[in-house]
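Below is the file run03.cif, which contains mmCIF, C-alpha atoms.
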data_model
loop_
_atom_site.label_atom_id
_atom_site.label_comp_id
_atom_site.auth_asym_id
_atom_site.auth_seq_id
_atom_site.Cartn_x
_atom_site.Cartn_y
_atom_site.Cartn_z
CA MET A 1 21.82 -13.06 7.75
CA THR A 2 22.00 -16.84 7.80
CA PRO A 3 20.40 -19.13 10.42
CA GLY A 4 22.23 -18.82 13.72
CA SER A 5 24.25 -15.74 12.74
CA ASN A 6 24.23 -12.58 14.83
CA ILE A 7 25.14 -8.92 14.53
CA PRO A 8 25.73 -6.18 17.13
CA LEU A 9 22.97 -3.58 17.22
CA THR A 10 24.27 -0.15 16.28
CA ALA A 11 21.03 1.62 17.25
CA VAL A 12 19.39 1.92 20.65
CA ARG A 13 15.88 1.81 19.20
CA VAL A 14 15.31 -0.90 16.61
CA ALA A 15 12.27 -2.12 14.71
CA VAL A 16 11.91 -5.64 13.37
CA ASP A 17 9.38 -5.81 10.54
CA VAL A 18 8.30 -9.07 8.96
CA THR A 19 6.85 -9.32 5.48
CA ALA A 20 5.58 -12.20 3.29
CA PRO A 21 3.32 -12.67 0.25
CA VAL A 22 0.42 -13.15 2.71
CA ARG A 23 -0.83 -11.17 5.69
CA LEU A 24 1.03 -12.05 8.90
CA ASP A 25 0.43 -11.77 12.62
CA VAL A 26 3.64 -10.42 14.16
CA SER A 27 4.33 -10.39 17.90
CA GLY A 28 7.11 -10.06 20.45
CA LEU A 29 7.84 -11.81 23.74
CA LEU A 30 10.03 -10.49 26.56
CA LEU A 31 11.96 -13.39 28.10
CA THR A 32 13.94 -13.75 31.30
CA ALA A 33 17.12 -15.83 31.70
CA ASP A 34 15.04 -19.01 32.01
CA GLY A 35 13.51 -18.42 28.57
CA LYS A 36 10.02 -17.60 29.90
CA VAL A 37 7.84 -14.52 30.14
CA ARG A 38 7.33 -13.04 33.61
CA SER A 39 3.58 -12.87 32.98
CA ASP A 40 1.15 -12.65 30.08
CA ASP A 41 1.88 -8.89 30.03
CA ASP A 42 5.20 -9.73 28.34
CA PHE A 43 3.40 -11.00 25.23
CA ILE A 44 3.19 -8.01 22.86
CA PHE A 45 0.83 -8.27 19.88
CA TYR A 46 -2.02 -6.43 18.14
CA ASN A 47 -4.43 -6.82 21.09
CA GLN A 48 -1.76 -5.87 23.64
CA PRO A 49 0.52 -3.50 21.70
CA GLN A 50 2.60 -2.02 24.52
CA GLY A 51 5.03 -3.44 27.03
CA PRO A 52 8.12 -2.27 28.91
CA GLY A 53 10.50 -1.11 26.18
CA VAL A 54 8.68 -3.10 23.48
CA ASN A 55 5.78 -2.03 21.24
CA TYR A 56 3.79 -3.63 18.45
CA ARG A 57 3.39 -1.41 15.37
CA SER A 58 0.70 -2.17 12.81
CA GLY A 59 1.43 -1.58 9.15
CA GLY A 60 -2.25 -0.91 8.49
CA GLY A 61 -2.32 -3.38 5.62
CA THR A 62 -0.03 -1.26 3.43
CA ALA A 63 3.25 -1.90 5.28
CA PRO A 64 4.56 -4.86 7.28
CA ASP A 65 3.77 -5.09 10.98
CA ALA A 66 6.75 -4.61 13.28
CA VAL A 67 7.98 -5.05 16.83
CA VAL A 68 9.80 -1.94 18.05
CA VAL A 69 12.34 -2.37 20.87
CA ASP A 70 13.89 0.46 22.87
CA THR A 71 16.83 -1.47 24.30
CA ALA A 72 17.54 1.28 26.86
CA ALA A 73 14.01 0.87 28.27
CA VAL A 74 13.90 -2.95 28.44
CA PRO A 75 13.80 -3.99 32.13
CA PRO A 76 17.08 -5.41 33.58
CA GLY A 77 15.55 -8.85 34.13
CA ILE A 78 14.72 -9.32 30.46
CA GLU A 79 17.52 -11.08 28.55
CA ARG A 80 15.83 -11.62 25.19
CA VAL A 81 13.06 -10.23 23.01
CA VAL A 82 11.91 -12.76 20.41
CA VAL A 83 9.96 -11.71 17.33
CA THR A 84 7.44 -14.20 15.98
CA ALA A 85 5.23 -14.42 12.89
CA SER A 86 2.35 -16.59 11.75
CA PRO A 87 0.06 -16.42 8.69
CA ASP A 88 -3.20 -14.62 9.40
CA ALA A 89 -5.21 -17.34 7.65
CA ALA A 90 -6.05 -20.16 10.06
CA GLY A 91 -4.05 -23.32 9.41
CA GLN A 92 -1.93 -21.88 6.61
CA THR A 93 1.68 -23.04 6.63
CA PHE A 94 4.79 -21.14 5.59
CA GLN A 95 5.50 -23.55 2.73
CA GLY A 96 6.26 -21.43 -0.32
CA ILE A 97 5.60 -18.11 1.45
CA GLU A 98 8.85 -17.70 3.37
CA PRO A 99 8.83 -14.43 5.36
CA THR A 100 11.63 -11.88 5.54
CA ALA A 101 12.48 -10.08 8.77
CA THR A 102 14.31 -6.77 8.52
CA VAL A 103 16.03 -5.24 11.54
CA ARG A 104 15.97 -1.46 11.21
CA ASN A 105 17.08 1.64 13.05
CA ALA A 106 13.69 2.70 14.43
CA ASP A 107 14.57 6.39 14.24
CA ASP A 108 15.64 6.71 10.60
CA GLY A 109 14.30 3.45 9.09
CA SER A 110 17.69 2.33 7.77
CA ALA A 111 18.15 -1.44 7.47
CA LEU A 112 20.70 -3.08 9.75
CA ALA A 113 20.13 -6.68 8.64
CA SER A 114 17.57 -8.98 7.03
CA PHE A 115 16.84 -12.68 7.33
CA THR A 116 14.69 -15.13 5.35
CA PRO A 117 14.33 -18.56 6.99
CA PRO A 118 15.02 -21.27 4.40
CA ARG A 119 13.36 -24.60 3.67
CA LEU A 120 10.04 -24.10 5.42
CA GLY A 121 7.27 -26.67 5.19
CA SER A 122 4.59 -27.55 7.78
CA GLU A 123 5.38 -24.62 10.09
CA THR A 124 2.39 -22.42 10.93
CA ALA A 125 4.38 -20.08 13.20
CA LEU A 126 8.01 -19.01 13.51
CA VAL A 127 10.39 -17.44 15.96
CA VAL A 128 12.04 -15.36 13.24
CA VAL A 129 14.73 -13.35 15.05
CA GLU A 130 15.69 -12.50 18.60
CA LEU A 131 17.31 -9.48 20.19
CA TYR A 132 19.44 -10.39 23.21
CA ARG A 133 21.87 -8.94 25.75
CA ARG A 134 25.48 -10.08 25.70
CA GLY A 135 28.18 -8.50 27.82
CA GLY A 136 26.16 -5.35 28.43
CA ALA A 137 25.44 -4.84 24.71
CA TRP A 138 22.52 -5.87 22.50
CA LYS A 139 22.72 -8.15 19.47
CA ALA A 140 20.32 -9.60 16.92
CA ARG A 141 20.33 -13.28 15.99
CA ALA A 142 18.63 -15.01 13.05
CA VAL A 143 16.60 -17.94 14.42
CA GLY A 144 13.93 -19.37 12.08
CA GLN A 145 12.57 -21.92 14.59
CA GLY A 146 9.29 -23.31 13.31
CA TYR A 147 6.18 -24.54 15.11
CA ALA A 148 3.51 -26.77 13.57
CA ASN A 149 0.81 -25.64 16.01
CA GLY A 150 0.61 -21.92 15.35
CA LEU A 151 1.20 -18.90 17.50
CA ALA A 152 -0.43 -20.67 20.45
CA GLY A 153 2.42 -23.19 20.38
CA ILE A 154 5.03 -20.45 20.60
CA ALA A 155 3.17 -18.57 23.32
CA THR A 156 2.73 -21.70 25.44
CA ASP A 157 6.35 -22.71 24.96
CA PHE A 158 7.48 -19.38 26.43
CA GLY A 159 5.07 -19.46 29.36
CA VAL A 160 2.09 -17.43 28.11
CA SER A 161 -1.32 -18.71 29.24
CA VAL A 162 -3.32 -19.90 26.23
CA ASP A 163 -6.54 -21.45 27.47
CA GLU A 164 -7.55 -22.99 24.17
CA ALA A 165 -4.16 -24.55 23.46
CA PRO A 166 -4.06 -28.38 23.60
CA PRO A 167 -1.61 -30.04 26.03
CA ALA A 168 0.92 -30.70 23.26
CA ALA A 169 0.84 -27.11 21.95
CA ALA A 170 4.38 -26.38 23.09
CA ALA A 171 6.02 -28.99 20.90
CA PRO A 172 8.03 -27.26 18.16
CA ALA A 173 8.04 -28.45 14.59
CA ALA A 174 11.23 -29.94 13.24
CA PRO A 175 13.59 -26.98 12.81
CA PRO A 176 14.18 -26.04 9.16
CA MET A 177 17.94 -25.58 9.67
CA PRO A 178 20.73 -26.53 12.10
CA PRO A 179 20.29 -24.92 15.52
CA ALA A 180 22.08 -21.67 16.25
CA PRO A 181 25.56 -22.14 17.72
CA PRO A 182 25.62 -22.04 21.52
CA ALA A 183 25.98 -18.57 23.02
CA PRO A 184 29.11 -17.67 25.01
CA PRO A 185 28.90 -18.51 28.71
CA VAL A 186 28.51 -14.84 29.69
CA ALA A 187 24.86 -14.34 30.60
CA ALA A 188 23.99 -17.48 28.64
CA VAL A 189 20.33 -18.42 28.36
CA PRO A 190 19.61 -22.02 29.39
CA ALA A 191 17.90 -23.97 26.64
CA ALA A 192 15.19 -26.49 27.33
CA ALA A 193 15.70 -29.99 25.98
CA PRO A 194 13.91 -30.28 22.64
CA GLN A 195 10.67 -32.19 22.64
CA ALA A 196 9.75 -34.67 19.97
CA PRO A 197 7.79 -32.83 17.28
CA PRO A 198 4.19 -33.88 16.75
CA ALA A 199 3.32 -35.74 13.61
CA PRO A 200 2.42 -33.20 10.92
CA PRO A 201 -1.32 -32.95 10.32
CA ALA A 202 -2.76 -34.57 7.25
CA PRO A 203 -3.03 -32.04 4.44
CA ALA A 204 -6.44 -30.55 3.81
CA PRO A 205 -8.21 -31.60 0.61
CA GLY A 206 -6.67 -29.74 -2.28
CA ALA A 207 -3.60 -28.69 -0.28
CA GLY A 208 -0.07 -29.42 -1.40
CA LYS A 209 2.50 -28.41 -3.98
CA VAL A 210 4.09 -30.17 -6.94
CA ASN A 211 6.39 -29.09 -9.77
CA LEU A 212 6.43 -29.62 -13.54
CA ASP A 213 8.90 -32.52 -13.66
CA LYS A 214 6.18 -35.01 -14.61
CA GLY A 215 4.59 -32.77 -17.24
CA ARG A 216 1.22 -31.03 -17.33
CA VAL A 217 -0.40 -30.44 -13.94
CA SER A 218 -4.15 -30.27 -13.35
CA LEU A 219 -4.94 -28.30 -10.21
CA ARG A 220 -7.86 -28.39 -7.86
CA LYS A 221 -8.99 -25.45 -5.74
CA ASN A 222 -6.22 -24.27 -3.36
CA GLU A 223 -3.57 -26.55 -4.87
CA THR A 224 -0.18 -25.05 -5.74
CA VAL A 225 2.39 -25.94 -8.39
CA SER A 226 5.97 -24.70 -8.46
CA LEU A 227 6.97 -23.52 -11.94
CA VAL A 228 10.17 -25.53 -11.77
CA LYS A 229 11.22 -28.27 -14.14
CA GLY A 230 14.35 -30.35 -13.77
CA GLY A 231 15.30 -28.35 -10.69
CA ARG A 232 15.46 -25.07 -12.61
CA PRO A 233 12.94 -22.21 -12.38
CA LEU A 234 10.81 -21.70 -15.47
CA LEU A 235 11.85 -18.07 -16.00
CA SER A 236 10.41 -17.68 -19.49
CA GLN A 237 7.45 -16.12 -21.20
CA VAL A 238 4.15 -17.71 -20.25
CA LYS A 239 0.53 -17.20 -21.25
CA MET A 240 -2.49 -17.40 -19.00
CA GLY A 241 -5.44 -18.47 -21.11
CA LEU A 242 -8.92 -17.99 -19.67
CA GLY A 243 -12.05 -19.45 -21.17
CA TRP A 244 -15.75 -19.95 -20.52
CA GLU A 245 -18.97 -20.94 -22.26
CA PRO A 246 -22.59 -19.81 -21.80
CA ALA A 247 -24.51 -22.17 -19.53
CA PHE A 248 -27.61 -21.69 -21.68
CA ARG A 249 -27.43 -22.20 -25.43
CA GLY A 250 -27.79 -19.09 -27.54
CA LYS A 251 -26.97 -16.65 -24.75
CA ASP A 252 -23.85 -14.51 -25.05
CA ILE A 253 -21.61 -14.18 -22.01
CA ASP A 254 -19.45 -11.06 -21.93
CA LEU A 255 -16.76 -11.63 -19.30
CA ASP A 256 -13.51 -9.73 -18.86
CA ALA A 257 -10.23 -11.40 -17.88
CA SER A 258 -7.65 -9.34 -16.02
CA VAL A 259 -4.42 -9.63 -14.06
CA ILE A 260 -3.58 -7.47 -11.05
CA ALA A 261 0.08 -6.97 -10.12
CA TYR A 262 1.18 -6.46 -6.52
CA GLY A 263 4.38 -5.62 -4.68
CA PRO A 264 5.87 -7.49 -1.69
CA ARG A 265 3.62 -5.67 0.77
CA ARG A 266 0.50 -6.49 -1.24
CA ASN A 267 0.60 -2.96 -2.62
CA HIS A 268 -1.23 -2.55 -5.93
CA LEU A 269 1.19 -1.88 -8.80
CA ASP A 270 -1.10 -1.95 -11.85
CA SER A 271 -3.92 -3.86 -13.55
CA CYS A 272 -3.98 -5.27 -17.08
CA TYR A 273 -7.41 -5.66 -18.70
CA PHE A 274 -9.30 -4.88 -21.93
CA GLY A 275 -8.99 -1.14 -21.24
CA LYS A 276 -5.24 -1.30 -20.53
CA LEU A 277 -3.65 -3.96 -22.69
CA SER A 278 -0.04 -3.52 -21.57
CA ILE A 279 1.48 -2.80 -18.15
CA LEU A 280 4.87 -2.88 -16.40
CA ASN A 281 6.74 -1.71 -19.51
CA GLY A 282 5.25 -4.46 -21.66
CA ALA A 283 6.10 -7.34 -19.31
CA ILE A 284 2.35 -8.13 -19.15
CA LYS A 285 0.07 -7.88 -22.20
CA HIS A 286 -3.63 -8.60 -22.75
CA SER A 287 -5.09 -10.09 -25.95
CA GLY A 288 -8.22 -7.89 -25.91
CA ASP A 289 -11.90 -8.27 -25.08
CA ASN A 290 -14.13 -11.21 -26.07
CA LEU A 291 -17.78 -10.14 -26.10
CA THR A 292 -19.58 -13.49 -26.35
CA GLY A 293 -17.60 -16.38 -24.86
CA GLU A 294 -18.60 -18.53 -27.84
CA GLY A 295 -16.19 -20.80 -29.64
CA ALA A 296 -13.54 -23.31 -28.68
CA GLY A 297 -10.25 -22.41 -27.08
CA ASP A 298 -9.19 -19.55 -24.84
CA ASP A 299 -11.50 -16.55 -24.86
CA GLU A 300 -8.86 -14.12 -23.58
CA VAL A 301 -5.11 -14.52 -23.13
CA ILE A 302 -2.71 -12.63 -20.90
CA VAL A 303 1.00 -12.91 -21.76
CA VAL A 304 3.48 -12.58 -18.90
CA ASP A 305 7.22 -12.27 -19.47
CA LEU A 306 8.42 -13.48 -16.06
CA GLY A 307 12.01 -12.58 -16.81
CA ARG A 308 11.12 -8.94 -17.58
CA LEU A 309 8.89 -8.29 -14.59
CA PRO A 310 10.33 -5.63 -12.26
CA ALA A 311 11.81 -6.92 -9.02
CA ASP A 312 9.03 -5.37 -6.94
CA ALA A 313 6.32 -7.32 -8.84
CA THR A 314 6.01 -10.35 -6.57
CA GLY A 315 2.36 -11.32 -6.95
CA LEU A 316 -0.01 -11.62 -9.93
CA VAL A 317 -3.70 -12.36 -9.43
CA PHE A 318 -5.83 -13.42 -12.41
CA THR A 319 -9.51 -12.50 -12.25
CA VAL A 320 -12.64 -12.67 -14.41
CA ASN A 321 -15.53 -10.21 -14.14
CA SER A 322 -18.95 -9.64 -15.68
CA PHE A 323 -19.34 -5.92 -16.35
CA SER A 324 -22.89 -6.46 -17.64
CA GLY A 325 -23.93 -8.09 -14.37
CA GLN A 326 -24.28 -11.69 -15.56
CA LYS A 327 -23.68 -14.14 -12.71
CA PHE A 328 -21.31 -17.07 -12.81
CA THR A 329 -24.30 -19.39 -12.43
CA GLU A 330 -24.91 -18.47 -16.09
CA VAL A 331 -21.39 -19.58 -17.05
CA ALA A 332 -20.21 -23.08 -17.91
CA LYS A 333 -16.78 -24.65 -18.28
CA ALA A 334 -14.80 -21.69 -16.94
CA TYR A 335 -11.08 -22.44 -16.69
CA CYS A 336 -7.63 -20.97 -16.72
CA ARG A 337 -4.48 -22.58 -18.06
CA LEU A 338 -0.81 -21.64 -18.02
CA ILE A 339 1.02 -22.13 -21.31
CA ASP A 340 4.69 -22.01 -22.26
CA ALA A 341 4.63 -19.13 -24.75
CA ALA A 342 7.70 -20.44 -26.59
CA THR A 343 6.43 -23.97 -27.25
CA GLY A 344 2.65 -23.65 -26.82
CA GLU A 345 2.77 -26.48 -24.28
CA GLU A 346 0.07 -26.40 -21.64
CA LEU A 347 1.80 -26.49 -18.26
CA VAL A 348 -0.98 -26.06 -15.69
CA ARG A 349 -4.78 -26.15 -15.89
CA PHE A 350 -7.52 -25.27 -13.41
CA ASP A 351 -11.18 -25.95 -14.19
CA LEU A 352 -13.74 -24.06 -12.14
CA THR A 353 -16.07 -26.79 -10.88
CA GLY A 354 -18.51 -24.71 -8.82
CA ALA A 355 -20.48 -21.51 -9.34
CA GLU A 356 -22.00 -18.80 -7.19
CA PRO A 357 -24.40 -15.99 -8.15
CA GLN A 358 -21.62 -13.41 -8.16
CA THR A 359 -20.14 -11.20 -10.89
CA GLY A 360 -16.44 -11.77 -10.23
CA VAL A 361 -14.07 -14.65 -9.54
CA ILE A 362 -10.43 -14.82 -8.51
CA MET A 363 -9.15 -17.65 -10.69
CA ALA A 364 -5.49 -18.07 -9.79
CA LYS A 365 -2.39 -16.34 -8.47
CA LEU A 366 1.30 -16.43 -9.33
CA ILE A 367 3.68 -15.69 -6.45
CA ARG A 368 7.42 -15.04 -6.79
CA GLN A 369 9.31 -16.85 -4.04
CA PHE A 370 12.38 -15.48 -2.31
CA SER A 371 14.39 -18.16 -4.14
CA GLY A 372 13.33 -16.57 -7.45
CA GLU A 373 11.00 -19.34 -8.57
CA TRP A 374 7.31 -18.74 -9.26
CA GLU A 375 4.36 -20.72 -7.94
CA MET A 376 0.81 -20.90 -9.25
CA THR A 377 -2.13 -21.53 -6.92
CA ALA A 378 -5.67 -22.32 -8.07
CA MET A 379 -8.19 -20.07 -6.28
CA GLY A 380 -11.78 -20.17 -7.55
CA ASP A 381 -13.02 -17.54 -5.06
CA PHE A 382 -16.16 -15.62 -6.03
CA VAL A 383 -16.44 -11.87 -5.41
CA LYS A 384 -19.21 -9.31 -5.87
CA SER A 385 -17.56 -7.03 -8.42
CA ARG A 386 -18.23 -6.16 -12.05
CA THR A 387 -14.84 -4.52 -12.71
CA VAL A 388 -11.17 -5.20 -12.12
CA ARG A 389 -11.06 -2.08 -9.95
CA GLY A 390 -13.40 -3.76 -7.49
CA MET A 391 -11.16 -6.83 -7.44
CA VAL A 392 -8.00 -5.04 -6.27
CA LYS A 393 -8.73 -5.25 -2.55
CA PRO A 394 -10.13 -8.83 -2.36
CA ALA A 395 -7.33 -10.07 -4.64
CA ALA A 396 -4.73 -8.48 -2.33
CA GLN A 397 -6.33 -10.30 0.60
CA ALA A 398 -6.06 -13.55 -1.35
CA LEU A 399 -2.27 -13.23 -1.72
#

Rewrite the structure from the file as structure tokens, please.
Amino acid sequence: MTPGSNIPLTAVRVAVDVTAPVRLDVSGLLLTADGKVRSDDDFIFYNQPQGPGVNYRSGGGTAPDAVVVDTAAVPPGIERVVVTASPDAAGQTFQGIEPTATVRNADDGSALASFTPPRLGSETALVVVELYRRGGAWKARAVGQGYANGLAGIATDFGVSVDEAPPAAAAPAAPPMPPAPPAPPVAAVPAAAPQAPPAPPAPAPGAGKVNLDKGRVSLRKNETVSLVKGGRPLLSQVKMGLGWEPAFRGKDIDLDASVIAYGPRRNHLDSCYFGKLSILNGAIKHSGDNLTGEGAGDDEVIVVDLGRLPADATGLVFTVNSFSGQKFTEVAKAYCRLIDAATGEELVRFDLTGAEPQTGVIMAKLIRQFSGEWEMTAMGDFVKSRTVRGMVKPAAQAL
């Protein structure tokens, strides 16, 4: 579907699931003809999962959360059910992690339509799709209306009591696309006059995204770079070089670099490390183990053929572990760098500037966007784990 488009619902019971490269909070609101809830009971979410004709369904972390609507059981005074989504991480925007909503037949799981809102930026919450009555029948419309003040902004805008919301919480962010065409006059829903959007908050230190147009990029923690140059995605073979040095002269540091591959629902696909040097039919290969960390240059290299990765491989997380139990306080000059495998050119570099007494660190992640381009984000998150197996769960949470 495209923004503003609609389809007739061919099933009485439908489920709208919403998925993204990060964990989402998904909810539904039952709205009357004036575009408001009747009471807070019409706000359906994980803490209040049941309402008249509408239920929240958790994916349990392995599948996307969904709002299930039995259109035959929705009360007569309810004209619309809107489905919303917001990133689970506080303050995270949808920039670069555009969600996809899929409308399904709730009885057999077949897909009726899907919608990915385009051109998202400062939005921290979205009205993704809405189900609405028209002429005695139900339809689904792609919306994609963004809010810069989170789920509280959406809830307040539709009449839900949110005690902690500031007075301006109802102001929507600038919409990422032209508004949906007006509905026919039959049972039309009055629309409130748009309010001026609040000024977007200043980015947090380290936040933001750039591309490769100006050459090599040096990232700080939590910064993101789009692997695009000259407006075209860099769909070529790349290398992730990881390196480190002992913090104390004469002491060997035996660390293991790995990459963990995930699917669109943060499901673990496979892990590439010194004990498994090739995964995903050779699309990802590991250079082998370095037992000391001594010497200049990359200690271990992981080669990724982005063009050969299977379509369901949407997230790659690069980690480093100490199987012998050495802590990262004993490590100096740890870094990772992304290299164009064809030219040897260094594209992106991230130097780990801090250390914690832990045995694992999530260095960086590569995320495939719905547009097809890839983005790299510097992480630098320490984890208590000596092996890549112990990194699978925390790395999935970091996506």

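What separates CA of Asn281 (chain A) from CA of Gly390 (chain A) is a distance of 23.5 Å.
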
Using Å and a single decimal, report how far CA of Asn105 (chain A) sits from CA of Val14 (chain A).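 Between CA of Val14 (chain A) and CA of Asn105 (chain A) the gap is 4.7 Å.
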
Env of region 136-146 of chain A: 6 Å cut, atoms = all atoms listed in the file, seq-sep filter 2 positions within chain, self excluded. Answer as a list of chain:residue names. A:Pro3, A:Gly4, A:Ser5, A:Asn6, A:Ile7, A:Pro8, A:Leu9, A:Pro117, A:Glu123, A:Ala125, A:Leu126, A:Val127, A:Val128, A:Val129, A:Glu130, A:Leu131, A:Tyr132, A:Arg133, A:Arg134, A:Ala173, A:Pro175

Give me the residues within 9 Å of Asp40 (chain A) as number ranges by chain, counting all atoms listed in the file and dropping any in the same chain fewer than 3 places off. A: 37, 43-44, 159-161

Going by the chain IDs and residue numbers used in this file, which residues fall under the PyMOL selection byres ((chain A and resi 277) around 12)? Write them as a list in words. Ala257, Ser258, Val259, Asp270, Ser271, Cys272, Tyr273, Phe274, Gly275, Lys276, Ser278, Ile279, Leu280, Asn281, Gly282, Ala283, Ile284, Lys285, His286, Ser287, Gly288, Asp289, Glu300, Val301, Ile302, Val303 and Val304 of chain A

With all atoms listed in the file as the counted atoms, please give the residues lying no more than 8 Å from Val69 (chain A), apart from itself and same-chain residues fewer than 6 positions off, as a list in words. Arg13, Val14, Ala15, Gly53, Val54 and Asn55 of chain A

Please produce, as JSON lines, a per-residue contact table for region 317-354 of chain A versus region 220-232 of chain A (criterion: any atom at most 9 Å away, all atoms listed in the file considered), showing the nearest atom pair and its distance in Å to one decimal, sorted by chain then residue number.
{"residue": "A:Leu347", "atom": "CA", "partner": "A:Leu227", "partner_atom": "CA", "distance": 8.7}
{"residue": "A:Val348", "atom": "CA", "partner": "A:Val225", "partner_atom": "CA", "distance": 8.0}
{"residue": "A:Arg349", "atom": "CA", "partner": "A:Arg220", "partner_atom": "CA", "distance": 8.9}
{"residue": "A:Phe350", "atom": "CA", "partner": "A:Arg220", "partner_atom": "CA", "distance": 6.4}
{"residue": "A:Asp351", "atom": "CA", "partner": "A:Arg220", "partner_atom": "CA", "distance": 7.6}
{"residue": "A:Leu352", "atom": "CA", "partner": "A:Lys221", "partner_atom": "CA", "distance": 8.1}
{"residue": "A:Thr353", "atom": "CA", "partner": "A:Lys221", "partner_atom": "CA", "distance": 8.9}

Expressed in Å, the length from CA of Ala111 (chain A) to CA of Lys393 (chain A) is 28.9 Å

Report as JSON, numbers by chain the residues that result from applying the PyMOL selection byres ((chain A and resi 42) around 12) to the structure here. {"A": [27, 28, 29, 30, 31, 32, 36, 37, 38, 39, 40, 41, 43, 44, 45, 48, 49, 50, 51, 52, 53, 54, 55, 56, 74, 75, 77, 78, 80, 81, 82, 155, 158, 159, 160, 161]}
